[in-house]
Every structure is written in C-alpha cells, then in structure tokens.
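Chemist: Contents of data-v8.txt (compact mmCIF, C-alpha atoms and all ligand atoms):
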```txt
# COMPACT_ATOMS: atom_id res chain seq x y z
CA MET A 163 -164.42 75.67 5.42
CA THR A 164 -162.38 75.98 2.25
CA HIS A 165 -162.81 74.38 -1.14
CA HIS A 166 -160.64 74.13 -4.19
CA PRO A 167 -161.22 77.13 -6.47
CA LEU A 168 -162.20 76.43 -10.08
CA LEU A 169 -159.33 77.41 -12.40
CA VAL A 170 -160.21 78.65 -15.89
CA HIS A 171 -158.05 80.13 -18.64
CA THR A 172 -160.04 81.14 -21.74
CA ARG A 173 -162.75 83.78 -22.04
CA ALA A 174 -165.33 81.11 -22.92
CA GLN A 175 -164.48 79.12 -19.77
CA LEU A 176 -164.72 82.30 -17.72
CA ALA A 177 -168.12 83.19 -19.18
CA ASP A 178 -169.36 79.65 -18.51
CA ALA A 179 -168.19 79.67 -14.92
CA LEU A 180 -169.63 83.14 -14.28
CA ALA A 181 -173.01 82.08 -15.67
CA ARG A 182 -173.22 79.52 -12.86
CA LEU A 183 -172.82 82.17 -10.15
CA SER A 184 -176.18 83.61 -9.23
CA SER A 185 -175.55 86.06 -6.39
CA THR A 186 -173.11 88.88 -5.56
CA LYS A 187 -169.54 88.80 -6.85
CA ALA A 188 -166.30 90.36 -5.63
CA LEU A 189 -163.25 90.68 -7.90
CA VAL A 190 -159.61 90.63 -6.81
CA MET A 191 -157.15 91.32 -9.63
CA THR A 192 -153.54 90.19 -9.16
CA MET A 193 -150.41 89.46 -11.13
CA GLY A 194 -149.82 86.28 -9.10
CA ALA A 195 -146.81 85.34 -6.95
CA LEU A 196 -149.35 85.70 -4.19
CA HIS A 197 -148.42 86.75 -0.67
CA ALA A 198 -150.34 87.61 2.51
CA GLY A 199 -151.23 91.06 1.09
CA HIS A 200 -153.11 89.53 -1.83
CA LEU A 201 -154.75 86.99 0.48
CA GLU A 202 -156.04 89.78 2.70
CA LEU A 203 -157.84 91.20 -0.34
CA VAL A 204 -159.45 87.79 -0.92
CA ARG A 205 -160.47 87.47 2.74
CA GLU A 206 -162.03 90.92 2.65
CA ALA A 207 -163.75 90.01 -0.65
CA ARG A 208 -165.34 87.00 1.09
CA ARG A 209 -166.88 89.37 3.61
CA LEU A 210 -168.30 91.63 0.90
CA ALA A 211 -169.89 89.20 -1.56
CA ASP A 212 -171.17 85.64 -2.00
CA HIS A 213 -168.64 84.70 -4.67
CA VAL A 214 -164.97 85.66 -4.96
CA ILE A 215 -163.27 85.77 -8.34
CA VAL A 216 -159.49 86.20 -8.50
CA THR A 217 -157.56 86.97 -11.66
CA ILE A 218 -153.90 86.08 -12.07
CA PHE A 219 -152.43 87.88 -15.06
CA VAL A 220 -149.12 89.59 -15.64
CA ASN A 221 -150.50 92.34 -17.86
CA PRO A 222 -148.06 93.21 -20.65
CA THR A 223 -149.59 96.62 -21.42
CA GLN A 224 -148.62 98.05 -18.02
CA PHE A 225 -144.93 97.19 -18.43
CA ALA A 226 -142.62 99.39 -20.51
CA PRO A 227 -139.80 97.90 -22.60
CA GLY A 228 -136.88 97.16 -20.26
CA GLU A 229 -139.09 96.62 -17.19
CA ASP A 230 -139.45 93.20 -15.52
CA TYR A 231 -142.35 91.71 -17.57
CA ASP A 232 -140.38 88.58 -18.54
CA ALA A 233 -138.70 88.16 -15.15
CA TYR A 234 -141.89 88.74 -13.13
CA PRO A 235 -142.44 85.63 -10.92
CA ARG A 236 -145.10 83.23 -12.21
CA THR A 237 -146.12 80.64 -9.58
CA LEU A 238 -149.60 79.40 -10.51
CA ASP A 239 -149.56 76.10 -8.56
CA ALA A 240 -148.49 77.76 -5.31
CA ASP A 241 -151.00 80.57 -5.96
CA MET A 242 -153.86 78.05 -6.33
CA ASP A 243 -152.90 76.42 -3.00
CA ALA A 244 -152.83 79.81 -1.30
CA LEU A 245 -156.21 80.73 -2.77
CA GLU A 246 -157.71 77.47 -1.57
CA SER A 247 -156.63 78.36 1.97
CA VAL A 248 -158.60 81.62 1.90
CA GLY A 249 -161.60 80.36 -0.03
CA ALA A 250 -161.65 81.90 -3.51
CA ASP A 251 -164.34 80.40 -5.75
CA LEU A 252 -163.09 81.05 -9.26
CA VAL A 253 -159.63 81.88 -10.60
CA TRP A 254 -159.13 83.29 -14.07
CA ALA A 255 -155.53 82.88 -15.22
CA PRO A 256 -155.64 83.93 -18.87
CA ALA A 257 -152.87 83.98 -21.45
CA PRO A 258 -152.21 87.40 -23.02
CA GLN A 259 -154.27 86.46 -26.10
CA ASP A 260 -157.28 85.67 -23.87
CA VAL A 261 -157.26 89.23 -22.55
CA TYR A 262 -156.10 90.84 -25.81
CA PRO A 263 -157.55 88.67 -28.63
CA THR A 264 -156.67 91.53 -30.98
CA PRO A 265 -153.77 93.94 -30.43
CA ALA A 266 -154.92 96.80 -28.19
CA THR A 267 -155.33 99.82 -30.46
CA VAL A 268 -157.68 101.51 -28.00
CA SER A 269 -155.99 103.12 -25.02
CA ILE A 270 -157.20 104.93 -21.92
CA ASP A 271 -155.54 108.13 -20.77
CA PRO A 272 -156.53 108.52 -17.11
CA GLY A 273 -155.51 112.20 -17.21
CA PRO A 274 -153.21 114.28 -14.99
CA ILE A 275 -153.23 111.81 -12.10
CA ALA A 276 -151.46 109.26 -14.32
CA ARG A 277 -148.62 111.64 -15.18
CA VAL A 278 -147.27 112.42 -11.70
CA LEU A 279 -145.21 110.31 -9.27
CA GLU A 280 -145.40 106.70 -10.56
CA GLY A 281 -146.69 108.06 -13.85
CA LYS A 282 -143.68 110.33 -14.24
CA THR A 283 -141.22 107.46 -13.87
CA ARG A 284 -143.47 104.97 -15.71
CA PRO A 285 -145.31 107.13 -18.30
CA THR A 286 -147.32 104.30 -19.93
CA HIS A 287 -147.99 102.31 -16.77
CA PHE A 288 -151.37 103.66 -15.65
CA SER A 289 -152.79 103.60 -19.16
CA GLY A 290 -152.07 99.84 -19.23
CA VAL A 291 -153.49 99.37 -15.73
CA ALA A 292 -156.65 101.33 -16.64
CA LEU A 293 -157.08 99.26 -19.81
CA VAL A 294 -156.75 95.84 -18.18
CA CYS A 295 -158.85 96.77 -15.14
CA SER A 296 -161.64 98.17 -17.33
CA LYS A 297 -161.61 95.10 -19.60
CA VAL A 298 -161.65 92.65 -16.69
CA ALA A 299 -164.39 94.64 -14.92
CA ASN A 300 -166.46 94.40 -18.12
CA LEU A 301 -165.79 90.67 -18.55
CA VAL A 302 -166.43 89.69 -14.92
CA ARG A 303 -169.07 92.33 -14.04
CA PRO A 304 -168.50 92.13 -10.28
CA ASP A 305 -170.47 94.11 -7.72
CA VAL A 306 -167.27 95.16 -5.99
CA ALA A 307 -163.57 95.14 -6.94
CA LEU A 308 -160.89 95.21 -4.24
CA TYR A 309 -157.52 96.94 -4.60
CA GLY A 310 -154.70 97.41 -2.09
CA GLN A 311 -153.61 100.74 -0.61
CA LYS A 312 -150.08 99.46 -1.31
CA ASP A 313 -150.65 100.88 -4.81
CA ALA A 314 -152.33 104.06 -3.60
CA GLN A 315 -151.93 105.95 -6.86
CA GLN A 316 -153.30 103.01 -8.85
CA LEU A 317 -156.33 103.05 -6.58
CA ALA A 318 -156.81 106.77 -7.21
CA VAL A 319 -156.38 106.25 -10.97
CA LEU A 320 -158.95 103.44 -11.01
CA ARG A 321 -161.46 105.45 -8.97
CA THR A 322 -161.11 108.23 -11.57
CA VAL A 323 -161.36 105.90 -14.59
CA PHE A 324 -164.29 103.81 -13.30
CA ALA A 325 -166.19 106.97 -12.32
CA GLN A 326 -165.60 108.78 -15.62
CA LEU A 327 -166.21 105.72 -17.82
CA ASP A 328 -169.33 104.82 -15.79
CA ILE A 329 -168.06 101.33 -15.05
CA PRO A 330 -170.70 100.13 -12.57
CA VAL A 331 -168.32 98.52 -10.07
CA ARG A 332 -167.83 99.63 -6.47
CA ILE A 333 -164.16 100.02 -5.56
CA HIS A 334 -163.08 98.85 -2.11
CA ALA A 335 -159.62 99.70 -0.70
CA VAL A 336 -157.70 97.31 1.56
CA PRO A 337 -154.93 98.52 3.94
CA ILE A 338 -151.29 97.61 3.34
CA VAL A 339 -150.08 94.31 4.79
CA ARG A 340 -146.47 94.42 6.06
CA ALA A 341 -143.86 91.91 7.14
CA ARG A 342 -142.64 91.99 10.75
CA ASP A 343 -139.71 94.20 9.76
CA GLY A 344 -142.10 96.83 8.43
CA VAL A 345 -141.47 96.20 4.72
CA ALA A 346 -144.70 96.27 2.71
CA LEU A 347 -145.32 92.83 1.19
CA SER A 348 -144.69 92.80 -2.54
CA SER A 349 -144.07 90.11 -5.14
CA ARG A 350 -140.95 92.08 -6.08
CA ASN A 351 -139.43 91.71 -2.57
CA GLN A 352 -138.13 88.31 -3.66
CA TYR A 353 -135.70 90.10 -6.00
CA LEU A 354 -133.91 91.59 -2.93
CA SER A 355 -130.65 90.13 -1.59
CA ASP A 356 -130.33 89.77 2.20
CA ASP A 357 -128.41 93.05 2.45
CA GLU A 358 -130.89 94.85 0.23
CA ARG A 359 -133.77 93.54 2.30
CA VAL A 360 -132.25 95.16 5.39
CA ARG A 361 -131.82 98.44 3.49
CA ALA A 362 -135.43 98.23 2.22
CA ARG A 363 -136.65 98.62 5.80
CA ALA A 364 -135.65 102.27 5.61
CA LEU A 365 -138.67 102.99 3.39
CA SER A 366 -141.26 102.19 6.06
CA ARG A 367 -139.04 103.77 8.73
CA ALA A 368 -138.94 106.96 6.66
CA LEU A 369 -142.72 106.94 6.33
CA LEU A 370 -143.12 106.42 10.09
CA ARG A 371 -140.82 109.38 10.73
CA GLY A 372 -143.01 111.40 8.35
CA VAL A 373 -146.21 110.33 10.10
CA ALA A 374 -144.70 111.27 13.47
CA ALA A 375 -143.75 114.68 12.06
CA ALA A 376 -147.31 115.11 10.70
CA GLU A 377 -148.82 114.19 14.05
CA ALA A 378 -146.58 116.79 15.68
CA GLY A 379 -148.01 119.41 13.31
CA ALA A 380 -145.35 119.57 10.56
CA ASP A 381 -146.47 120.92 7.20
CA ALA A 382 -146.17 118.85 4.02
CA ALA A 383 -142.68 120.13 3.12
CA ARG A 384 -141.34 119.34 6.61
CA ILE A 385 -142.88 115.87 6.47
CA VAL A 386 -140.98 115.20 3.24
CA GLU A 387 -137.75 116.44 4.86
CA ALA A 388 -138.29 114.16 7.86
CA CYS A 389 -138.73 111.13 5.60
CA ARG A 390 -135.80 112.06 3.44
CA ALA A 391 -133.45 112.25 6.44
CA VAL A 392 -134.06 108.55 7.15
CA ILE A 393 -133.30 107.56 3.55
CA ASP A 394 -130.11 109.65 3.60
CA GLU A 395 -129.01 108.12 6.94
CA GLU A 396 -129.48 104.60 5.57
CA GLY A 397 -127.52 105.23 2.37
CA GLY A 398 -127.41 102.93 -0.66
CA ILE A 399 -130.98 103.75 -1.63
CA GLU A 400 -131.70 105.49 -4.91
CA LEU A 401 -134.69 107.67 -4.11
CA ASP A 402 -137.21 108.22 -6.89
CA TYR A 403 -139.62 110.43 -4.95
CA ILE A 404 -141.11 111.22 -1.58
CA ALA A 405 -144.37 113.14 -1.77
CA VAL A 406 -147.25 114.20 0.42
CA VAL A 407 -150.62 114.17 -1.32
CA ASP A 408 -154.19 114.90 -0.36
CA ALA A 409 -155.61 111.40 0.22
CA GLY A 410 -158.81 112.22 -1.66
CA SER A 411 -157.75 114.29 -4.68
CA PHE A 412 -154.14 113.09 -4.92
CA GLU A 413 -153.11 116.75 -5.21
CA ILE A 414 -149.37 116.84 -4.50
CA LEU A 415 -148.79 119.13 -1.52
CA ALA A 416 -145.02 118.67 -1.28
CA GLY A 417 -142.43 116.42 -2.82
CA THR A 418 -138.80 115.80 -3.58
CA ASP A 419 -139.64 116.68 -7.19
CA GLY A 420 -140.34 120.24 -6.07
CA VAL A 421 -143.33 121.91 -7.66
CA PRO A 422 -146.75 121.00 -6.28
CA VAL A 423 -148.98 119.59 -9.03
CA ASP A 424 -152.72 119.06 -9.29
CA GLY A 425 -153.26 115.31 -9.13
CA GLY A 426 -156.61 115.61 -10.90
CA GLY A 427 -158.27 112.78 -8.98
CA GLY A 428 -161.31 112.86 -6.70
CA ALA A 429 -162.54 115.43 -4.20
CA PRO A 430 -160.03 116.93 -1.74
CA THR A 431 -160.40 115.91 1.89
CA LEU A 432 -160.16 119.47 3.24
CA LEU A 433 -162.02 119.54 6.58
CA PRO A 434 -163.75 122.60 8.10
CA ASP A 435 -160.90 123.09 10.61
CA GLY A 436 -158.38 123.36 7.76
CA SER A 437 -156.92 119.90 8.34
CA ARG A 438 -156.99 117.13 5.78
CA ASP A 439 -156.21 113.48 5.30
CA GLY A 440 -152.85 113.15 3.67
CA ARG A 441 -150.82 110.26 2.38
CA ILE A 442 -147.04 110.12 2.27
CA LEU A 443 -145.72 108.20 -0.73
CA ILE A 444 -142.24 106.90 -1.39
CA ALA A 445 -140.60 105.13 -4.33
CA ALA A 446 -136.98 104.05 -4.42
CA ARG A 447 -134.61 101.58 -5.96
CA VAL A 448 -132.76 99.24 -3.63
CA GLY A 449 -130.17 97.51 -5.78
CA THR A 450 -132.04 96.93 -9.03
CA THR A 451 -135.42 96.48 -7.36
CA ARG A 452 -137.91 99.33 -7.43
CA LEU A 453 -140.07 99.49 -4.30
CA ILE A 454 -143.06 101.65 -3.39
CA ASP A 455 -144.75 102.24 -0.06
CA ASN A 456 -147.05 104.78 1.59
CA MET A 457 -148.77 105.68 4.84
CA GLU A 458 -151.66 107.89 5.90
CA ALA A 459 -150.76 111.11 7.69
CA PRO A 460 -153.01 113.76 9.24
CA LEU A 461 -152.21 117.18 7.79
CA GLY A 462 -152.68 120.54 9.39
CA ALA A 463 -153.94 119.26 12.70
CA VAL A 464 -151.75 118.99 15.75
CA SER A 465 -152.83 115.89 17.61
CA PRO A 466 -151.66 114.87 21.06
CA THR A 467 -150.80 111.44 19.62
CA THR A 468 -147.27 110.35 20.35
CA GLY A 469 -144.92 107.97 18.59
CA ALA A 470 -146.67 105.11 20.40
CA GLY A 471 -149.79 105.80 18.38
CA VAL A 472 -147.81 105.64 15.17
CA ALA A 473 -146.19 102.36 16.14
CA SER A 474 -149.52 100.78 17.00
CA ARG A 475 -150.94 101.82 13.64
CA VAL A 476 -148.20 99.93 11.82
CA ALA A 477 -148.30 96.99 14.21
CA SER A 478 -151.95 96.53 13.32
CA GLN A 479 -150.96 95.92 9.71
CA HIS A 480 -148.42 93.19 10.48
CA THR A 481 -149.09 89.75 9.08
CA GLY A 482 -147.01 87.80 11.50
CA GLU A 483 -144.92 86.76 8.50
CA ASP A 484 -141.22 86.76 9.04
CA ALA A 485 -139.21 89.22 7.05
P1 LIG B 501 -150.20 92.96 -7.84
O1 LIG B 501 -150.23 91.47 -7.93
O2 LIG B 501 -148.91 93.50 -7.34
O3 LIG B 501 -150.70 93.63 -9.10
O4 LIG B 501 -151.25 93.35 -6.72
C1 LIG B 501 -152.59 92.94 -6.81
C2 LIG B 501 -153.40 93.66 -5.77
O5 LIG B 501 -152.90 93.36 -4.48
C3 LIG B 501 -153.32 95.19 -5.92
O6 LIG B 501 -154.60 95.74 -5.66
C4 LIG B 501 -152.32 95.57 -4.87
O7 LIG B 501 -152.48 96.88 -4.39
C5 LIG B 501 -152.63 94.56 -3.78
N1 LIG B 501 -151.48 94.40 -2.90
C6 LIG B 501 -150.20 94.08 -3.26
N2 LIG B 501 -149.39 94.07 -2.18
C7 LIG B 501 -150.17 94.39 -1.10
C8 LIG B 501 -149.91 94.57 0.30
N3 LIG B 501 -148.70 94.41 0.82
N4 LIG B 501 -150.96 94.91 1.08
C9 LIG B 501 -152.20 95.10 0.55
N5 LIG B 501 -152.50 94.95 -0.75
C10 LIG B 501 -151.50 94.60 -1.57
```
In structure tokens, how does this file's structure come out?
Ligand code: AMP
Modeler:
Amino acid sequence: MTHHPLLVHTRAQLADALARLSSTKALVMTMGALHAGHLELVREARRLADHVIVTIFVNPTQFAPGEDYDAYPRTLDADMDALESVGADLVWAPAPQDVYPTPATVSIDPGPIARVLEGKTRPTHFSGVALVCSKVANLVRPDVALYGQKDAQQLAVLRTVFAQLDIPVRIHAVPIVRARDGVALSSRNQYLSDDERVRARALSRALLRGVAAAEAGADAARIVEACRAVIDEEGGIELDYIAVVDAGSFEILAGTDGVPVDGGGGAPTLLPDGSRDGRILIAARVGTTRLIDNMEAPLGAVSPTTGAGVASRVASQHTGEDA
C-alpha cells in the first residue's frame, strides 16, 4: 500500500516532521529528476527501516562554475508522484538558503580519494558532496543512508568522510540500475540526442568487455585496454578516463591517466589467494553530456565463468525501462 509522502521545505518543517517519527529512519539523498535508479534506493530503504526520508536538492556547492547547475532538470511534481508509488514517507525539498542559511565558509577536504578520477576533472566536487551529505546526515539523523554504486567514487568518499568525522550513520550501497540498452540510468541522460544515446551504449559495452577480460584472467592494465578498444571502435566519444581500482580502498591499479595512485579510501580487498575485488570505472563526454559508469570485476583470479555469466550479471540490473 502506498501513501502520499509529506513534502516539507524549511528546516523548521523538517525538524517538526522528524519529531513525529518514532522508529528507525532511512535516508535517500537525491538531486531530483527521479528515475528507476533513485526509486530502487527508496525501495531498498523501505526494507531497511520503518520510515523513509528522501531529499531533493540540487546542491550548488558540488557544481563548479560552468557546470550544469542552472540547467539541471528540476521536476518536483513528477518526483512526488514517483515517490508516492514506492512509498516514501517524508520528502525534504529545501531551497539553497534552507541548507546554507549562512554562506558555507567551512569546507571538508575528503583527502586523496577526492583528487583522483572524478576529483581530477571536478576538483571541488567531492568537497561539496561531503559538505551537503554531512549536513543532511546531521539534520535528519537517520540510522542508515543509501547511495548508489552508480557514483562509486562518491560512495567511497562518503564512507571515508563519515568514518573519519564519526558521523553515526550506516552507509548502504545499492547496485546500478540500467536501461534495457545497458546505459546506466542518470538524470543527465535526458540531455542526450537520439544519436548520442546510441553512442552512449558503448560505455557499458566497454565495461562488459573489461569484465570479460578480468574473468579470463587479464591484469588491470589489460582490462583497461580491452575497455578502451570498445570506445575507440565506437568513435565520437571523448574519453575522460578508464580505470581499474581496488573496490575497497579505491587504490588505482591501472588507468588511461597512467600512473597508479593511492586512492586513500578504506581497506583493500586483497584476498589470501592474491585475488581482489576490483571495479572498472569509466567517464566520458558524449556530445556535451558527461557520463559515468562502472562495473565490478574480479582481479587476479582466473574463473571458469564465460561471457554468459557476464551477460546475466548485467541483465539482473535491468529495470525493464525502455532505452
Ligand atoms: P543524484 O540524484 O544523481 O545525485 O543521485 C542520487 C542517488 O541515486 C545517488 O546515491 C546515486 O548514486 C543514486 N543513483 C543515481 N543513478 C542511479 C542508478 N542508475 N542506479 C543506482 N543508483 C543510482
């Protein structure tokens, strides 16, 4: 059974609404323009806590001048309908002055992990993400906060920040939700023209090729090469990076940027047999739209798994949505 979520805007309204919730709370933070990926986070949140709180806020401090802060889609009415269908209880959609009543003079530097990959291209991005996520965690005080693997580096940054700032919130990761054509759902996909959308499929195809190479025993550098070949074959894609990282520490094991760098995140996933859980990450511009995607890949262990195994892994993430 679903019910209409309560929509609040100011801090006082939020505090009032929270005071009425007595049992466990799960938090899902979004920038709105909700799609099936966001809704999966809300569904998972329902399973983890008695009350689900969703925030819809295009956070200015995580956008650099010249990025798409102004153009970012804002679709509150449609978002509320979507949230009703999955059963959120409370939606906080603040204005910038509700989140930042005074200009933010305090900043958070998440450390080395925020300076590589996304952080290299967007040097102030993770500081803004860390700031807003810490503030909202403090204002909502949830038991658990859910974030998507779609933004794998953001997840690693937030694990680092929450741990080191002793923010008492459990972080729960949710797998990537994809369209039928393999493209990871993203609010920014709506910027793509029809032609660009077709080209964008090469990102997930490249990752699949990389996963297949990993499963056949390729090392990190070879995995990157395998992915890169797909992007080159497609053409018309401006690659930002392809990298293979340790899924736990975010240590960069190979990448198109060359030099391996210490990600500075959590503990590495090195297993006794020398294998580890890796993640292949890709970022590229298709037309003017910047897209990111990633997939898990086993490193250092030759498994008998064939391409069929890889395909079924991705199929399990499909939403049934048309591309
Ligand atoms: P955003 O609105 O883009 O800031 O995303 C809000 C949350 O939804 C973040 O934790 C994202 O990682 C997550 N998310 C966005 N797209 C997807 C997707 N395709 N699958 C799973 N989670 C997603």
Chemist: Suppose you want the space between atom P1 of ligand LIG 501 (chain B) and CA of Thr217 in chain A; what is it in Å?
Modeler: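 CA of Thr217 in chain A lies 10.2 Å from atom P1 of ligand LIG 501 (chain B).
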Chemist: Write out as a list in words the residues lying within 7 Å of range 204-211 of chain A, counting only C-alpha atoms and excluding same-chain residues fewer than 3 positions away.
Modeler: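 Selected residues are Thr186, Lys187, Ala188, Val190, His200, Leu201, Val214, Val248, Ala250 and Leu308 of chain A.
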Chemist: Give as a list in words every residue, naming chains and numbers as the document does, that has an atom within 12 Å of (-154.8, 95.4, -27.4), counting only C-alpha atoms.
Modeler: Asn221, Pro222, Thr223, Gln224, Pro258, Gln259, Asp260, Val261, Tyr262, Pro263, Thr264, Pro265, Ala266, Thr267, Val268, Ser269, Ile270, Ser289, Gly290, Leu293, Val294 and Lys297 of chain A
Chemist: For ligand LIG 501 (chain B), which residue out of A:Ile454, A:Leu245, A:Val323, A:Met193 is the nearest one, using all atoms listed in the file?
Modeler: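 Going through A:Ile454, A:Leu245, A:Val323, A:Met193 one by one, the smallest distance to ligand LIG 501 (chain B) is for A:Met193.
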Chemist: How would you write, as number ranges by chain, the set of residues no farther than 8 Å from ligand LIG 501 (chain B) when counting all atoms listed in the file?
Modeler: A: 190-200, 202-203, 218, 220, 308-314, 316-317, 336-340, 346-349
Chemist: From the list A:His171, A:His166, A:Arg447, A:Arg182, which residue is nearest Tyr353 in chain A when using all atoms listed in the file?
Modeler: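 Result for the nearest residue to Tyr353 in chain A: A:Arg447.
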Chemist: Choose the residue, out of A:Asn300, A:Thr237, A:Ser437, A:Ser247, that has the smallest atom-to-atom separation from Ala376 in chain A; count only C-alpha atoms.
Modeler: A:Ser437
Chemist: Find the residue from A:Ala416, A:Val291, A:Ala429, A:Ala364 that sits nearest to Glu387 in chain A; use only C-alpha atoms when measuring.
Modeler: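 The shortest atom-to-atom distance to Glu387 in chain A comes from A:Ala416.
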Chemist: Closest to Val448 in chain A among A:Gln326, A:Gln175, A:Asn351, A:Ser296, using all atoms listed in the file?
Modeler: A:Asn351
Chemist: Choose the residue, out of A:Ile399, A:Val360, A:Leu320, A:Ala382, that has the smallest atom-to-atom separation from Ala276 in chain A; count all atoms listed in the file.
Modeler: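 Checking each candidate against Ala276 in chain A, we get A:Leu320 as the closest.
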Chemist: At what distance in Å, to one decimal, does CA of Val170 in chain A lie from CA of Leu252 in chain A?
Modeler: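 Atom-to-atom, CA of Leu252 in chain A to CA of Val170 in chain A, that is 7.6 Å.
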Chemist: Which residues are near Val253 in chain A? Cut-off 6 Å, all atoms listed in the file, ignore same chain within fewer than 2 positions. Put them as a ChimeraX atom specification.
Modeler: /A:169,215-217
